[in-house]
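Structure record follows, encoded as structure tokens.
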Amino acid sequence: MFSSQNAYENDFCPVRDELLGELYRADQNGLSRLVESVAPDVRAMLALFCYRRAHLHSLAVAIASSCSDRDLFKIGGRVGLALYALSRETAPARLAPVSSHGGRKPITLSTTPLRALAAFDDELDDELAAAAIG
């Protein structure tokens, strides 16, 4: 069994980048087929890999719903069991397509300053410099 610390230190994607991209863009039916094409132990590693990334969280839960508690525990310890429980407490609707922005709200930028800046006083700097020299 890997410890959670070991999983973080040796964090790498257990599948090729192309497959991860296909999983990310897949619809409900496509995601199920792609997940089934991955070996159970690799599937558990992939679920934990995605779980540690906020933008892949829903994908992690969807993948974990196809994993056994034994595989997730063997790969991720208590974190794996927590992910298993999370995948079972929600309906299989988690296999719904992942939106292009990962289900997050769009970013908006402020149009006003966050705080007012005090006026810059050159005279104070000149006085301090003169005192230091003289």
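How things are named: the first chain in the structure tokens is A, the next is B, and so on; residues count from 1 in each chain; ligands count from 1 in the order shown.
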
Contacts of Tyr84 in chain A at 9 Å (only C-alpha atoms; same-chain gap of 3+ positions) as a PyMOL selection string: chain A and resi 61+64-65+67-69+72-73+79-81+87-89

Go ahead and save the picked residues with all heavy atoms, as a short mmCIF file (atom, residue, chain, number, x, y, z; two decimals), in the first residue's frame.
```cif
data_model
loop_
_atom_site.label_atom_id
_atom_site.label_comp_id
_atom_site.auth_asym_id
_atom_site.auth_seq_id
_atom_site.Cartn_x
_atom_site.Cartn_y
_atom_site.Cartn_z
N VAL A 61 -14.30 11.88 -9.24
CA VAL A 61 -15.44 11.21 -8.61
C VAL A 61 -16.10 10.24 -9.59
O VAL A 61 -16.48 9.13 -9.22
CB VAL A 61 -16.45 12.25 -8.07
CG1 VAL A 61 -17.70 11.58 -7.54
CG2 VAL A 61 -15.80 13.09 -6.97
N ALA A 64 -13.80 7.26 -9.86
CA ALA A 64 -13.83 6.49 -8.61
C ALA A 64 -15.12 5.68 -8.48
O ALA A 64 -15.12 4.62 -7.85
CB ALA A 64 -13.68 7.43 -7.42
N SER A 65 -16.19 6.14 -9.11
CA SER A 65 -17.45 5.39 -9.01
C SER A 65 -17.34 4.04 -9.72
O SER A 65 -18.15 3.15 -9.48
CB SER A 65 -18.61 6.20 -9.59
OG SER A 65 -18.48 6.34 -10.98
N CYS A 67 -14.49 2.24 -9.47
CA CYS A 67 -13.40 1.53 -8.77
C CYS A 67 -13.94 0.80 -7.54
O CYS A 67 -14.96 1.19 -6.98
CB CYS A 67 -12.34 2.53 -8.29
SG CYS A 67 -11.48 3.39 -9.61
N SER A 68 -13.21 -0.20 -7.12
CA SER A 68 -13.57 -0.89 -5.88
C SER A 68 -12.92 -0.16 -4.71
O SER A 68 -11.91 0.53 -4.86
CB SER A 68 -13.10 -2.35 -5.91
OG SER A 68 -11.68 -2.40 -5.81
N ASP A 69 -13.53 -0.32 -3.53
CA ASP A 69 -12.94 0.31 -2.35
C ASP A 69 -11.55 -0.27 -2.05
O ASP A 69 -10.66 0.45 -1.60
CB ASP A 69 -13.87 0.17 -1.14
CG ASP A 69 -14.19 -1.28 -0.79
OD1 ASP A 69 -14.01 -2.17 -1.64
OD2 ASP A 69 -14.66 -1.50 0.34
N LEU A 72 -8.97 1.52 -4.40
CA LEU A 72 -8.73 2.90 -3.98
C LEU A 72 -7.98 2.96 -2.66
O LEU A 72 -7.11 3.80 -2.47
CB LEU A 72 -10.06 3.67 -3.88
CG LEU A 72 -10.66 4.05 -5.22
CD1 LEU A 72 -12.10 4.52 -5.06
CD2 LEU A 72 -9.83 5.13 -5.90
N PHE A 73 -8.28 2.04 -1.73
CA PHE A 73 -7.55 2.01 -0.46
C PHE A 73 -6.10 1.58 -0.67
O PHE A 73 -5.19 2.14 -0.08
CB PHE A 73 -8.24 1.07 0.54
CG PHE A 73 -7.51 0.99 1.84
CD1 PHE A 73 -7.52 2.06 2.72
CD2 PHE A 73 -6.80 -0.14 2.19
CE1 PHE A 73 -6.83 2.00 3.92
CE2 PHE A 73 -6.11 -0.23 3.38
CZ PHE A 73 -6.12 0.85 4.26
N VAL A 79 -7.37 8.51 1.97
CA VAL A 79 -7.87 9.43 0.93
C VAL A 79 -8.64 8.63 -0.13
O VAL A 79 -9.69 9.07 -0.60
CB VAL A 79 -6.71 10.22 0.29
CG1 VAL A 79 -7.19 11.05 -0.87
CG2 VAL A 79 -6.01 11.08 1.33
N GLY A 80 -8.13 7.47 -0.47
CA GLY A 80 -8.82 6.61 -1.43
C GLY A 80 -10.18 6.17 -0.92
O GLY A 80 -11.16 6.15 -1.68
N LEU A 81 -10.26 5.84 0.37
CA LEU A 81 -11.56 5.46 0.95
C LEU A 81 -12.52 6.64 0.97
O LEU A 81 -13.72 6.48 0.73
CB LEU A 81 -11.37 4.89 2.35
CG LEU A 81 -10.77 3.50 2.43
CD1 LEU A 81 -10.61 3.06 3.89
CD2 LEU A 81 -11.60 2.49 1.67
N SER A 87 -17.80 9.09 -4.07
CA SER A 87 -18.34 8.63 -5.35
C SER A 87 -19.62 7.83 -5.18
O SER A 87 -20.43 7.75 -6.10
CB SER A 87 -17.30 7.79 -6.10
OG SER A 87 -17.12 6.53 -5.49
N ARG A 88 -19.83 7.27 -4.01
CA ARG A 88 -21.03 6.46 -3.77
C ARG A 88 -22.17 7.29 -3.19
O ARG A 88 -23.32 6.90 -3.31
CB ARG A 88 -20.72 5.30 -2.80
CG ARG A 88 -19.73 4.26 -3.32
CD ARG A 88 -19.97 3.90 -4.76
NE ARG A 88 -19.27 2.75 -5.24
CZ ARG A 88 -18.12 2.76 -5.91
NH1 ARG A 88 -17.49 3.89 -6.14
NH2 ARG A 88 -17.57 1.66 -6.38
N GLU A 89 -21.87 8.42 -2.58
CA GLU A 89 -22.95 9.20 -1.98
C GLU A 89 -23.68 10.07 -3.00
O GLU A 89 -24.75 10.55 -2.72
CB GLU A 89 -22.43 10.06 -0.83
CG GLU A 89 -21.62 11.26 -1.24
CD GLU A 89 -21.05 12.01 -0.06
OE1 GLU A 89 -20.80 11.39 0.99
OE2 GLU A 89 -20.84 13.21 -0.20
#
```

Surrounding residues of Arg33 in chain A excluding itself and chain neighbours under 3 positions, 12 Å, only C-alpha atoms, as number ranges by chain: A: 19, 22-23, 26-30, 36-38, 63, 66, 95

Who sits within 12 Å of Cys13 in chain A, only C-alpha atoms, same chain under 2 positions skipped, as number ranges by chain: A: 7-8, 10-11, 15-21, 42-53

Write the residues you've just listed into a file as a PDB file, in the first residue's frame, and include C-alpha atoms for each of them.
```
ATOM      1  CA  ALA A   7       1.457   9.487  -3.641  1.00  0.00           C
ATOM      2  CA  TYR A   8       2.052  13.234  -3.451  1.00  0.00           C
ATOM      3  CA  ASN A  10       5.626  10.694  -6.860  1.00  0.00           C
ATOM      4  CA  ASP A  11       2.683  12.454  -8.466  1.00  0.00           C
ATOM      5  CA  VAL A  15      -2.248   7.294 -18.272  1.00  0.00           C
ATOM      6  CA  ARG A  16      -0.952   8.986 -21.384  1.00  0.00           C
ATOM      7  CA  ASP A  17      -1.835  12.664 -21.796  1.00  0.00           C
ATOM      8  CA  GLU A  18      -4.013  11.961 -24.836  1.00  0.00           C
ATOM      9  CA  LEU A  19      -6.245   9.586 -22.854  1.00  0.00           C
ATOM     10  CA  LEU A  20      -6.544  12.069 -20.002  1.00  0.00           C
ATOM     11  CA  GLY A  21      -7.649  14.703 -22.513  1.00  0.00           C
ATOM     12  CA  VAL A  42      -4.534   2.189 -13.006  1.00  0.00           C
ATOM     13  CA  ARG A  43      -8.111   3.471 -12.811  1.00  0.00           C
ATOM     14  CA  ALA A  44      -7.728   3.925  -9.044  1.00  0.00           C
ATOM     15  CA  MET A  45      -4.417   5.760  -9.539  1.00  0.00           C
ATOM     16  CA  LEU A  46      -6.059   7.974 -12.146  1.00  0.00           C
ATOM     17  CA  ALA A  47      -9.005   8.770  -9.867  1.00  0.00           C
ATOM     18  CA  LEU A  48      -6.614   9.849  -7.101  1.00  0.00           C
ATOM     19  CA  PHE A  49      -4.456  11.805  -9.550  1.00  0.00           C
ATOM     20  CA  CYS A  50      -7.519  13.751 -10.723  1.00  0.00           C
ATOM     21  CA  TYR A  51      -8.841  14.184  -7.182  1.00  0.00           C
ATOM     22  CA  ARG A  52      -5.742  16.189  -6.233  1.00  0.00           C
ATOM     23  CA  ARG A  53      -6.534  18.746  -8.951  1.00  0.00           C
TER      24      ARG A  53
END
```

Among listed residues A:Ala85, A:Ala54, A:Ile75, A:Leu59, nearest Tyr24 in chain A (using only C-alpha atoms): A:Leu59

Range 57-94 of chain A: residues DSSP assigns to alpha helix (DSSP H), reported as a VMD selection string: chain A and resid 57 to 64 69 to 89

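Atom pair CA of Ala62 in chain A / CA of Arg78 in chain A has a distance of 18.3 Å (rounded to one decimal).
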